[in-house]
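Structure data (PDB, C-alpha atoms, pLDDT in the B column) from coords_20.pdb:
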```
MODEL        1
ATOM      1  CA  MET A   1     -75.320  43.707  73.270  1.00 40.00           C
ATOM      2  CA  ARG A   2     -75.401  41.418  70.204  1.00 42.00           C
ATOM      3  CA  VAL A   3     -73.354  38.872  72.143  1.00 42.00           C
ATOM      4  CA  LEU A   4     -75.828  38.949  75.023  1.00 42.00           C
ATOM      5  CA  GLY A   5     -78.711  38.409  72.610  1.00 44.00           C
ATOM      6  CA  THR A   6     -76.940  35.434  71.059  1.00 40.00           C
ATOM      7  CA  LEU A   7     -76.469  33.860  74.460  1.00 41.00           C
ATOM      8  CA  VAL A   8     -80.164  34.326  75.284  1.00 41.00           C
ATOM      9  CA  VAL A   9     -81.063  32.399  72.143  1.00 40.00           C
ATOM     10  CA  LEU A  10     -78.527  29.721  73.079  1.00 42.00           C
ATOM     11  CA  GLY A  11     -80.020  29.347  76.533  1.00 44.00           C
ATOM     12  CA  LEU A  12     -83.535  28.943  75.142  1.00 41.00           C
ATOM     13  CA  ALA A  13     -82.321  26.420  72.586  1.00 41.00           C
ATOM     14  CA  VAL A  14     -80.585  24.356  75.256  1.00 40.00           C
ATOM     15  CA  THR A  15     -83.722  24.346  77.373  1.00 40.00           C
ATOM     16  CA  ALA A  16     -85.785  23.103  74.443  1.00 40.00           C
ATOM     17  CA  PHE A  17     -83.143  20.484  73.640  1.00 40.00           C
ATOM     18  CA  GLY A  18     -83.181  19.059  77.125  1.00 43.00           C
ATOM     19  CA  VAL A  19     -86.902  18.970  77.897  1.00 41.00           C
ATOM     20  CA  ALA A  20     -87.725  16.079  75.570  1.00 36.00           C
ATOM     21  CA  PRO A  21     -85.144  13.620  76.908  1.00 39.00           C
ATOM     22  CA  ALA A  22     -85.901  14.589  80.465  1.00 38.00           C
ATOM     23  CA  ALA A  23     -89.551  13.701  80.063  1.00 37.00           C
ATOM     24  CA  ALA A  24     -88.525  10.084  79.660  1.00 34.00           C
ATOM     25  CA  GLN A  25     -86.627  10.043  82.938  1.00 43.00           C
ATOM     26  CA  GLU A  26     -87.880   9.934  86.473  1.00 48.00           C
ATOM     27  CA  SER A  27     -88.085  13.305  88.192  1.00 54.00           C
ATOM     28  CA  GLY A  28     -86.654  13.951  91.639  1.00 67.00           C
ATOM     29  CA  MET A  29     -84.110  16.304  93.091  1.00 84.00           C
ATOM     30  CA  THR A  30     -80.432  15.459  92.809  1.00 93.00           C
ATOM     31  CA  TRP A  31     -77.269  17.492  93.269  1.00 94.00           C
ATOM     32  CA  ALA A  32     -74.788  18.718  90.667  1.00 95.00           C
ATOM     33  CA  GLY A  33     -71.858  21.098  90.568  1.00 96.00           C
ATOM     34  CA  SER A  34     -68.772  22.128  88.651  1.00 97.00           C
ATOM     35  CA  LEU A  35     -65.279  23.636  88.893  1.00 98.00           C
ATOM     36  CA  TYR A  36     -63.979  25.699  85.949  1.00 98.00           C
ATOM     37  CA  GLY A  37     -60.961  27.835  85.155  1.00 98.00           C
ATOM     38  CA  GLY A  38     -59.816  29.858  82.175  1.00 98.00           C
ATOM     39  CA  TYR A  39     -59.643  33.327  80.646  1.00 98.00           C
ATOM     40  CA  ALA A  40     -61.362  36.557  81.755  1.00 97.00           C
ATOM     41  CA  LYS A  41     -61.348  39.884  79.899  1.00 96.00           C
ATOM     42  CA  ILE A  42     -62.912  43.309  80.338  1.00 94.00           C
ATOM     43  CA  MET A  43     -64.769  44.249  77.137  1.00 93.00           C
ATOM     44  CA  GLU A  44     -64.306  48.019  77.385  1.00 84.00           C
ATOM     45  CA  ASN A  45     -62.438  50.236  74.937  1.00 74.00           C
ATOM     46  CA  ASP A  46     -62.080  53.914  75.852  1.00 67.00           C
ATOM     47  CA  ASP A  47     -59.434  56.543  76.433  1.00 66.00           C
ATOM     48  CA  LEU A  48     -60.266  57.366  80.047  1.00 70.00           C
ATOM     49  CA  LEU A  49     -58.803  54.331  81.805  1.00 76.00           C
ATOM     50  CA  PRO A  50     -56.225  51.891  80.445  1.00 81.00           C
ATOM     51  CA  VAL A  51     -57.899  48.516  79.917  1.00 87.00           C
ATOM     52  CA  PRO A  52     -55.791  45.409  80.604  1.00 90.00           C
ATOM     53  CA  GLY A  53     -55.603  42.669  78.029  1.00 88.00           C
ATOM     54  CA  GLY A  54     -57.198  39.995  80.221  1.00 94.00           C
ATOM     55  CA  SER A  55     -55.984  37.300  82.572  1.00 96.00           C
ATOM     56  CA  PHE A  56     -57.256  34.237  84.450  1.00 97.00           C
ATOM     57  CA  GLY A  57     -60.512  33.392  86.186  1.00 97.00           C
ATOM     58  CA  GLY A  58     -62.100  30.545  88.092  1.00 98.00           C
ATOM     59  CA  ARG A  59     -65.491  29.634  89.471  1.00 98.00           C
ATOM     60  CA  GLY A  60     -67.354  26.856  91.255  1.00 98.00           C
ATOM     61  CA  ASN A  61     -71.040  26.168  91.766  1.00 98.00           C
ATOM     62  CA  VAL A  62     -73.571  23.743  93.176  1.00 98.00           C
ATOM     63  CA  PHE A  63     -77.080  23.067  91.862  1.00 98.00           C
ATOM     64  CA  ALA A  64     -80.179  21.382  93.206  1.00 97.00           C
ATOM     65  CA  MET A  65     -81.476  19.638  90.086  1.00 95.00           C
ATOM     66  CA  LEU A  66     -85.260  19.863  90.200  1.00 94.00           C
ATOM     67  CA  ASP A  67     -85.328  17.351  87.332  1.00 92.00           C
ATOM     68  CA  PRO A  68     -82.614  16.036  84.985  1.00 91.00           C
ATOM     69  CA  VAL A  69     -82.741  19.239  82.910  1.00 95.00           C
ATOM     70  CA  LEU A  70     -83.354  22.224  85.198  1.00 96.00           C
ATOM     71  CA  GLY A  71     -81.452  23.224  88.325  1.00 97.00           C
ATOM     72  CA  ILE A  72     -81.033  26.201  90.646  1.00 98.00           C
ATOM     73  CA  GLY A  73     -78.136  26.950  92.949  1.00 98.00           C
ATOM     74  CA  ALA A  74     -75.299  29.298  93.820  1.00 98.00           C
ATOM     75  CA  GLU A  75     -71.960  30.179  92.272  1.00 98.00           C
ATOM     76  CA  LEU A  76     -68.729  31.797  93.450  1.00 98.00           C
ATOM     77  CA  GLY A  77     -66.087  33.112  91.067  1.00 98.00           C
ATOM     78  CA  TYR A  78     -62.903  35.145  90.976  1.00 98.00           C
ATOM     79  CA  TYR A  79     -61.566  36.971  87.926  1.00 98.00           C
ATOM     80  CA  SER A  80     -58.246  38.740  87.559  1.00 97.00           C
ATOM     81  CA  PHE A  81     -58.316  41.014  84.521  1.00 95.00           C
ATOM     82  CA  GLY A  82     -54.600  41.728  84.551  1.00 93.00           C
ATOM     83  CA  SER A  83     -52.687  45.003  84.818  1.00 92.00           C
ATOM     84  CA  GLU A  84     -51.862  47.952  82.591  1.00 90.00           C
ATOM     85  CA  ASP A  85     -49.254  50.703  82.838  1.00 91.00           C
ATOM     86  CA  TYR A  86     -50.395  54.322  82.821  1.00 88.00           C
ATOM     87  CA  GLU A  87     -48.909  57.805  83.072  1.00 89.00           C
ATOM     88  CA  ILE A  88     -50.428  61.206  83.860  1.00 87.00           C
ATOM     89  CA  PRO A  89     -47.697  63.690  82.868  1.00 91.00           C
ATOM     90  CA  THR A  90     -46.335  65.811  85.758  1.00 92.00           C
ATOM     91  CA  ILE A  91     -48.639  63.991  88.202  1.00 91.00           C
ATOM     92  CA  GLU A  92     -47.977  60.248  88.498  1.00 93.00           C
ATOM     93  CA  ARG A  93     -46.867  57.082  86.739  1.00 94.00           C
ATOM     94  CA  GLY A  94     -47.767  53.558  87.713  1.00 93.00           C
ATOM     95  CA  GLU A  95     -49.700  50.350  87.112  1.00 94.00           C
ATOM     96  CA  LEU A  96     -53.436  49.667  87.342  1.00 92.00           C
ATOM     97  CA  ASN A  97     -54.889  46.270  88.318  1.00 94.00           C
ATOM     98  CA  PHE A  98     -58.506  45.148  88.054  1.00 94.00           C
ATOM     99  CA  SER A  99     -60.263  42.089  89.523  1.00 97.00           C
ATOM    100  CA  ALA A 100     -63.726  40.934  90.557  1.00 97.00           C
ATOM    101  CA  PHE A 101     -65.285  38.434  92.972  1.00 98.00           C
ATOM    102  CA  GLN A 102     -68.659  36.969  91.968  1.00 98.00           C
ATOM    103  CA  ALA A 103     -71.421  35.658  94.254  1.00 98.00           C
ATOM    104  CA  THR A 104     -74.587  34.892  92.295  1.00 98.00           C
ATOM    105  CA  ALA A 105     -77.734  32.826  92.341  1.00 98.00           C
ATOM    106  CA  GLN A 106     -77.520  30.598  89.289  1.00 98.00           C
ATOM    107  CA  ALA A 107     -79.848  28.500  87.122  1.00 98.00           C
ATOM    108  CA  ILE A 108     -78.888  25.829  84.606  1.00 98.00           C
ATOM    109  CA  ALA A 109     -80.647  24.009  81.767  1.00 97.00           C
ATOM    110  CA  ARG A 110     -78.797  21.055  80.277  1.00 95.00           C
ATOM    111  CA  GLY A 111     -79.128  18.112  77.986  1.00 93.00           C
ATOM    112  CA  ALA A 112     -79.987  14.953  79.882  1.00 87.00           C
ATOM    113  CA  ARG A 113     -78.754  12.183  77.551  1.00 89.00           C
ATOM    114  CA  GLY A 114     -75.820  11.308  75.379  1.00 89.00           C
ATOM    115  CA  SER A 115     -72.083  11.689  75.665  1.00 92.00           C
ATOM    116  CA  VAL A 116     -72.209  15.303  74.371  1.00 94.00           C
ATOM    117  CA  ARG A 117     -74.642  17.494  76.310  1.00 94.00           C
ATOM    118  CA  PRO A 118     -75.172  21.225  75.644  1.00 97.00           C
ATOM    119  CA  PHE A 119     -76.125  23.500  78.529  1.00 98.00           C
ATOM    120  CA  GLY A 120     -77.065  27.100  79.257  1.00 98.00           C
ATOM    121  CA  THR A 121     -76.820  29.067  82.483  1.00 98.00           C
ATOM    122  CA  LEU A 122     -78.207  32.336  83.833  1.00 98.00           C
ATOM    123  CA  GLY A 123     -77.165  34.082  87.045  1.00 98.00           C
ATOM    124  CA  LEU A 124     -77.708  37.267  89.000  1.00 98.00           C
ATOM    125  CA  GLY A 125     -76.226  38.682  92.171  1.00 98.00           C
ATOM    126  CA  LEU A 126     -73.257  40.667  93.438  1.00 98.00           C
ATOM    127  CA  TYR A 127     -69.862  41.377  91.911  1.00 98.00           C
ATOM    128  CA  SER A 128     -67.206  42.842  94.198  1.00 97.00           C
ATOM    129  CA  LEU A 129     -64.949  44.928  91.963  1.00 96.00           C
ATOM    130  CA  LYS A 130     -61.421  45.838  93.021  1.00 95.00           C
ATOM    131  CA  GLY A 131     -59.174  48.404  91.413  1.00 92.00           C
ATOM    132  CA  SER A 132     -55.652  49.044  92.626  1.00 93.00           C
ATOM    133  CA  LYS A 133     -52.768  51.198  91.518  1.00 91.00           C
ATOM    134  CA  LYS A 134     -49.164  51.479  92.524  1.00 94.00           C
ATOM    135  CA  GLY A 135     -46.512  53.827  91.260  1.00 94.00           C
ATOM    136  CA  VAL A 136     -44.731  57.086  91.942  1.00 95.00           C
ATOM    137  CA  GLU A 137     -45.558  60.787  91.753  1.00 95.00           C
ATOM    138  CA  LEU A 138     -43.901  62.970  89.099  1.00 94.00           C
ATOM    139  CA  ASP A 139     -42.524  66.497  89.285  1.00 93.00           C
ATOM    140  CA  ALA A 140     -42.993  69.296  86.733  1.00 94.00           C
ATOM    141  CA  GLY A 141     -40.243  67.767  84.611  1.00 93.00           C
ATOM    142  CA  ASN A 142     -41.999  64.374  84.568  1.00 92.00           C
ATOM    143  CA  VAL A 143     -39.282  62.925  86.817  1.00 94.00           C
ATOM    144  CA  PRO A 144     -40.207  60.578  89.720  1.00 94.00           C
ATOM    145  CA  ILE A 145     -40.195  62.319  93.100  1.00 94.00           C
ATOM    146  CA  PRO A 146     -38.042  60.400  95.621  1.00 95.00           C
ATOM    147  CA  GLY A 147     -40.094  58.863  98.430  1.00 93.00           C
ATOM    148  CA  SER A 148     -43.434  59.484  96.708  1.00 92.00           C
ATOM    149  CA  ASP A 149     -44.249  55.833  96.003  1.00 94.00           C
ATOM    150  CA  PHE A 150     -47.884  54.842  96.537  1.00 93.00           C
ATOM    151  CA  ASP A 151     -49.942  51.654  96.588  1.00 93.00           C
ATOM    152  CA  ASP A 152     -53.711  52.270  96.749  1.00 93.00           C
ATOM    153  CA  SER A 153     -56.768  50.072  96.239  1.00 93.00           C
ATOM    154  CA  GLU A 154     -60.555  50.404  96.293  1.00 93.00           C
ATOM    155  CA  THR A 155     -63.322  47.802  96.401  1.00 95.00           C
ATOM    156  CA  ASP A 156     -67.001  48.295  95.554  1.00 95.00           C
ATOM    157  CA  SER A 157     -69.895  45.831  95.279  1.00 96.00           C
ATOM    158  CA  LYS A 158     -72.240  46.096  92.298  1.00 97.00           C
ATOM    159  CA  PHE A 159     -75.266  44.163  91.083  1.00 98.00           C
ATOM    160  CA  GLY A 160     -74.770  42.140  87.915  1.00 98.00           C
ATOM    161  CA  VAL A 161     -76.037  39.345  85.672  1.00 98.00           C
ATOM    162  CA  ASN A 162     -74.370  36.656  83.606  1.00 98.00           C
ATOM    163  CA  LEU A 163     -75.523  34.455  80.766  1.00 98.00           C
ATOM    164  CA  GLY A 164     -73.646  31.719  78.974  1.00 98.00           C
ATOM    165  CA  GLY A 165     -73.579  28.281  77.518  1.00 97.00           C
ATOM    166  CA  GLY A 166     -71.367  25.437  76.536  1.00 98.00           C
ATOM    167  CA  VAL A 167     -71.103  21.708  76.181  1.00 97.00           C
ATOM    168  CA  GLN A 168     -70.376  18.822  78.541  1.00 96.00           C
ATOM    169  CA  PHE A 169     -68.589  15.660  77.430  1.00 95.00           C
ATOM    170  CA  LYS A 170     -69.784  12.802  79.611  1.00 91.00           C
ATOM    171  CA  PRO A 171     -68.177   9.347  79.485  1.00 87.00           C
ATOM    172  CA  SER A 172     -70.684   6.546  79.858  1.00 80.00           C
ATOM    173  CA  ALA A 173     -71.294   5.178  83.348  1.00 77.00           C
ATOM    174  CA  SER A 174     -69.519   8.121  84.986  1.00 83.00           C
ATOM    175  CA  SER A 175     -70.745  10.804  87.364  1.00 87.00           C
ATOM    176  CA  ILE A 176     -68.042  13.200  86.124  1.00 93.00           C
ATOM    177  CA  SER A 177     -68.016  15.037  82.795  1.00 94.00           C
ATOM    178  CA  PHE A 178     -65.691  17.552  81.174  1.00 96.00           C
ATOM    179  CA  GLY A 179     -66.911  20.877  79.862  1.00 97.00           C
ATOM    180  CA  LEU A 180     -66.233  23.984  77.806  1.00 98.00           C
ATOM    181  CA  GLU A 181     -68.090  27.236  78.463  1.00 98.00           C
ATOM    182  CA  ALA A 182     -68.308  30.863  77.313  1.00 98.00           C
ATOM    183  CA  ARG A 183     -70.126  33.463  79.364  1.00 98.00           C
ATOM    184  CA  TRP A 184     -70.998  37.162  79.242  1.00 98.00           C
ATOM    185  CA  HIS A 185     -71.155  39.161  82.488  1.00 98.00           C
ATOM    186  CA  THR A 186     -72.748  42.613  82.760  1.00 97.00           C
ATOM    187  CA  ILE A 187     -71.957  44.479  85.984  1.00 97.00           C
ATOM    188  CA  PHE A 188     -74.192  47.515  86.397  1.00 96.00           C
ATOM    189  CA  ASN A 189     -72.476  50.807  87.269  1.00 93.00           C
ATOM    190  CA  GLY A 190     -69.153  48.979  87.333  1.00 91.00           C
ATOM    191  CA  TRP A 191     -67.185  51.268  85.028  1.00 88.00           C
ATOM    192  CA  ILE A 192     -66.510  54.989  84.545  1.00 81.00           C
ATOM    193  CA  ASN A 193     -67.148  56.080  80.963  1.00 77.00           C
ATOM    194  CA  GLU A 194     -65.601  58.937  79.001  1.00 73.00           C
ATOM    195  CA  ASP A 195     -68.226  61.355  80.389  1.00 73.00           C
ATOM    196  CA  LEU A 196     -67.041  60.487  83.931  1.00 77.00           C
ATOM    197  CA  GLU A 197     -70.345  58.756  84.635  1.00 82.00           C
ATOM    198  CA  GLU A 198     -70.994  55.253  85.928  1.00 87.00           C
ATOM    199  CA  SER A 199     -71.845  52.736  83.204  1.00 89.00           C
ATOM    200  CA  ALA A 200     -72.122  48.987  82.786  1.00 92.00           C
ATOM    201  CA  LEU A 201     -68.952  46.908  82.800  1.00 94.00           C
ATOM    202  CA  ASP A 202     -69.035  43.997  80.359  1.00 96.00           C
ATOM    203  CA  VAL A 203     -66.797  40.984  80.926  1.00 97.00           C
ATOM    204  CA  VAL A 204     -66.352  37.805  78.893  1.00 98.00           C
ATOM    205  CA  THR A 205     -65.049  34.520  80.316  1.00 98.00           C
ATOM    206  CA  VAL A 206     -64.023  31.400  78.414  1.00 98.00           C
ATOM    207  CA  MET A 207     -63.354  28.360  80.598  1.00 98.00           C
ATOM    208  CA  ALA A 208     -62.875  24.614  80.789  1.00 98.00           C
ATOM    209  CA  GLY A 209     -63.482  22.335  83.741  1.00 98.00           C
ATOM    210  CA  ILE A 210     -65.196  19.349  85.275  1.00 97.00           C
ATOM    211  CA  ASN A 211     -68.803  18.708  86.217  1.00 96.00           C
ATOM    212  CA  PHE A 212     -70.104  16.411  88.928  1.00 94.00           C
ATOM    213  CA  ASN A 213     -73.265  14.387  88.289  1.00 86.00           C
TER     214      ASN A 213
ENDMDL
END
```

So, in terms of structure tokens, how does the structure I just supplied come out?
Amino acid sequence: MRVLGTLVVLGLAVTAFGVAPAAAQESGMTWAGSLYGGYAKIMENDDLLPVPGGSFGGRGNVFAMLDPVLGIGAELGYYSFGSEDYEIPTIERGELNFSAFQATAQAIARGARGSVRPFGTLGLGLYSLKGSKKGVELDAGNVPIPGSDFDDSETDSKFGVNLGGGVQFKPSASSISFGLEARWHTIFNGWINEDLEESALDVVTVMAGINFN
């Protein structure tokens, strides 16, 4: 949770950074959005389920900017966390895959002037988690049973929040900027812990992309 606390501080700092320059600009609603892609990783470490090493993710959003600093909107994202081999002796051997689809309400606070503009974002909504496994059953000698191949999957929607921040690099006289972002996602009851109980699933994403307006 130290990472989450750090991001909260970052978000507050970005808000404070942006309010002063915004006061000098005319208010009025405009539209903004972004498309990002990069790395996504599950931040769990236990012996119950094999945890993949991480894979790719992508997201897009649109904001109604209530003033140059603050905006509210919606975001969609998809994260593939990769796959991991597993084996339960005398029962089965195979490969596990994890992924998530994100649909959240999102808020943003951003710097309003300069070619380098920090920003923070906070979101909450639904995460559709998918786990799949494919493999083969094993006999008492730990040998694959012919014709016992399987390919199963399960999807479940959970409530979650995300918090992150980054920086936008905006060329002068352009409505497009480039950005870097790190974000922490907490999906409630999205994981099974070592006590076989539901617990929070923490995910980190690190991405780069483009911003509009």

(request) Excluding Pro89 of chain A and residues on its chain fewer than 3 positions from it, collect all residues at most 8 Å away from it, counting all atoms listed in the file, and give them as a PyMOL selection string. (result) chain A and resi 92-93+138+142

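Using all atoms listed in the file, the shortest contact distance between Phe188 of chain A and any of A:Ala173, A:Val203, A:Leu66, A:Met29 is found at A:Val203.
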
(message) Can you spell out as a PyMOL selection string the set of residues that the PyMOL selection byres ((chain A and resi 115-121) around 8) selects in the structure I just provided?
(response) chain A and resi 10-12+14-15+106-114+122-123+163-172

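Between Thr186 of chain A and the residues A:Gly37, A:Glu44, A:Ser174, A:Gly209, the shortest atom-to-atom distance, using only C-alpha atoms, involves A:Glu44.
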
(request) List the residues matched by the PyMOL selection byres ((chain A and resi 88) around 12) in the displayed structure as a list in words, ordered by chain and then by residue number. (result) Leu48, Leu49, Pro50, Asp85, Tyr86, Glu87, Pro89, Thr90, Ile91, Glu92, Arg93, Gly94, Glu95, Gly135, Val136, Glu137, Leu138, Asp139, Ala140, Asn142, Val143 and Pro144 of chain A

(message) Going by the chain IDs and residue numbers used in this file, which residues fall under the PyMOL selection byres ((chain A and resi 193) around 10)? Write them as a ChimeraX atom specification.
(response) /A:44-49,189-192,194-201

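For the pair atom CA of Tyr79 of chain A and atom CA of Ala100 of chain A, the separation is 5.2 Å.
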
(request) Quote the spacing between atom CA of Glu84 of chain A and atom CA of Ala208 of chain A in Å to one decimal place. (result) 25.9 Å

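With distances restricted to only C-alpha atoms, A:Val206 is the closest residue to Ala182 of chain A from A:Ala64, A:Val69, A:Val161, A:Val206.
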
Taking 3 positions as the minimum chain separation for residues in the same chain, which residues sit within 10 Å of Asn213 of chain A when counting all atoms listed in the file? Answer as a compact mmCIF listing (two decimals) with C-alpha atoms, keeping the file's coordinate frame.
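What ended up in out27.txt:
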```txt
# COMPACT_ATOMS: atom_id res chain seq x y z
CA THR A 30 -80.43 15.46 92.81
CA TRP A 31 -77.27 17.49 93.27
CA ALA A 32 -74.79 18.72 90.67
CA GLY A 33 -71.86 21.10 90.57
CA SER A 34 -68.77 22.13 88.65
CA MET A 65 -81.48 19.64 90.09
CA LYS A 170 -69.78 12.80 79.61
CA SER A 174 -69.52 8.12 84.99
CA SER A 175 -70.74 10.80 87.36
CA ILE A 176 -68.04 13.20 86.12
CA SER A 177 -68.02 15.04 82.80
CA ILE A 210 -65.20 19.35 85.28
```

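Between atom CA of Asp202 of chain A and atom CA of Trp184 of chain A the separation is 7.2 Å.
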
(request) Tell me which of A:Asn211, A:Asn61, A:Gln102, A:Asn97 sits closest to Phe178 of chain A, counting only C-alpha atoms. (result) A:Asn211

Neighbour list for Leu129 of chain A as a PDB file with C-alpha atoms, in the coordinates of the input, cut-off 7 Å, all atoms listed in the file, skip fewer than 5 positions in-chain:
```
ATOM      1  CA  SER A  99     -60.263  42.089  89.523  1.00 97.00           C
ATOM      2  CA  ALA A 100     -63.726  40.934  90.557  1.00 97.00           C
ATOM      3  CA  PHE A 101     -65.285  38.434  92.972  1.00 98.00           C
ATOM      4  CA  THR A 155     -63.322  47.802  96.401  1.00 95.00           C
ATOM      5  CA  ASP A 156     -67.001  48.295  95.554  1.00 95.00           C
ATOM      6  CA  SER A 157     -69.895  45.831  95.279  1.00 96.00           C
TER       7      SER A 157
END
```

Completed segment 195-206 of chain A (N, CA and C atoms) as a CSV table (one decimal), in the frame of the given file:
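Written out: result_6.csv:
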```
chain,number,residue,atom,x,y,z
A,195,ASP,N,-67.5,60.2,79.9
A,195,ASP,CA,-68.2,61.4,80.4
A,195,ASP,C,-68.1,61.4,81.9
A,196,LEU,N,-67.3,60.6,82.5
A,196,LEU,CA,-67.0,60.5,83.9
A,196,LEU,C,-68.3,60.1,84.7
A,197,GLU,N,-69.1,59.3,84.0
A,197,GLU,CA,-70.3,58.8,84.6
A,197,GLU,C,-70.3,57.2,84.8
A,198,GLU,N,-71.0,56.7,85.8
A,198,GLU,CA,-71.0,55.3,85.9
A,198,GLU,C,-71.7,54.6,84.8
A,199,SER,N,-71.2,53.5,84.3
A,199,SER,CA,-71.8,52.7,83.2
A,199,SER,C,-71.6,51.3,83.4
A,200,ALA,N,-72.2,50.4,82.6
A,200,ALA,CA,-72.1,49.0,82.8
A,200,ALA,C,-70.7,48.5,82.4
A,201,LEU,N,-70.2,47.6,83.1
A,201,LEU,CA,-69.0,46.9,82.8
A,201,LEU,C,-69.3,45.5,82.2
A,202,ASP,N,-68.8,45.3,81.0
A,202,ASP,CA,-69.0,44.0,80.4
A,202,ASP,C,-67.8,43.2,80.4
A,203,VAL,N,-67.9,41.9,80.8
A,203,VAL,CA,-66.8,41.0,80.9
A,203,VAL,C,-67.1,39.7,80.2
A,204,VAL,N,-66.2,39.1,79.5
A,204,VAL,CA,-66.4,37.8,78.9
A,204,VAL,C,-65.4,36.8,79.5
A,205,THR,N,-65.9,35.6,79.8
A,205,THR,CA,-65.0,34.5,80.3
A,205,THR,C,-65.2,33.3,79.4
A,206,VAL,N,-64.1,32.6,79.2
A,206,VAL,CA,-64.0,31.4,78.4
A,206,VAL,C,-63.3,30.4,79.3
```
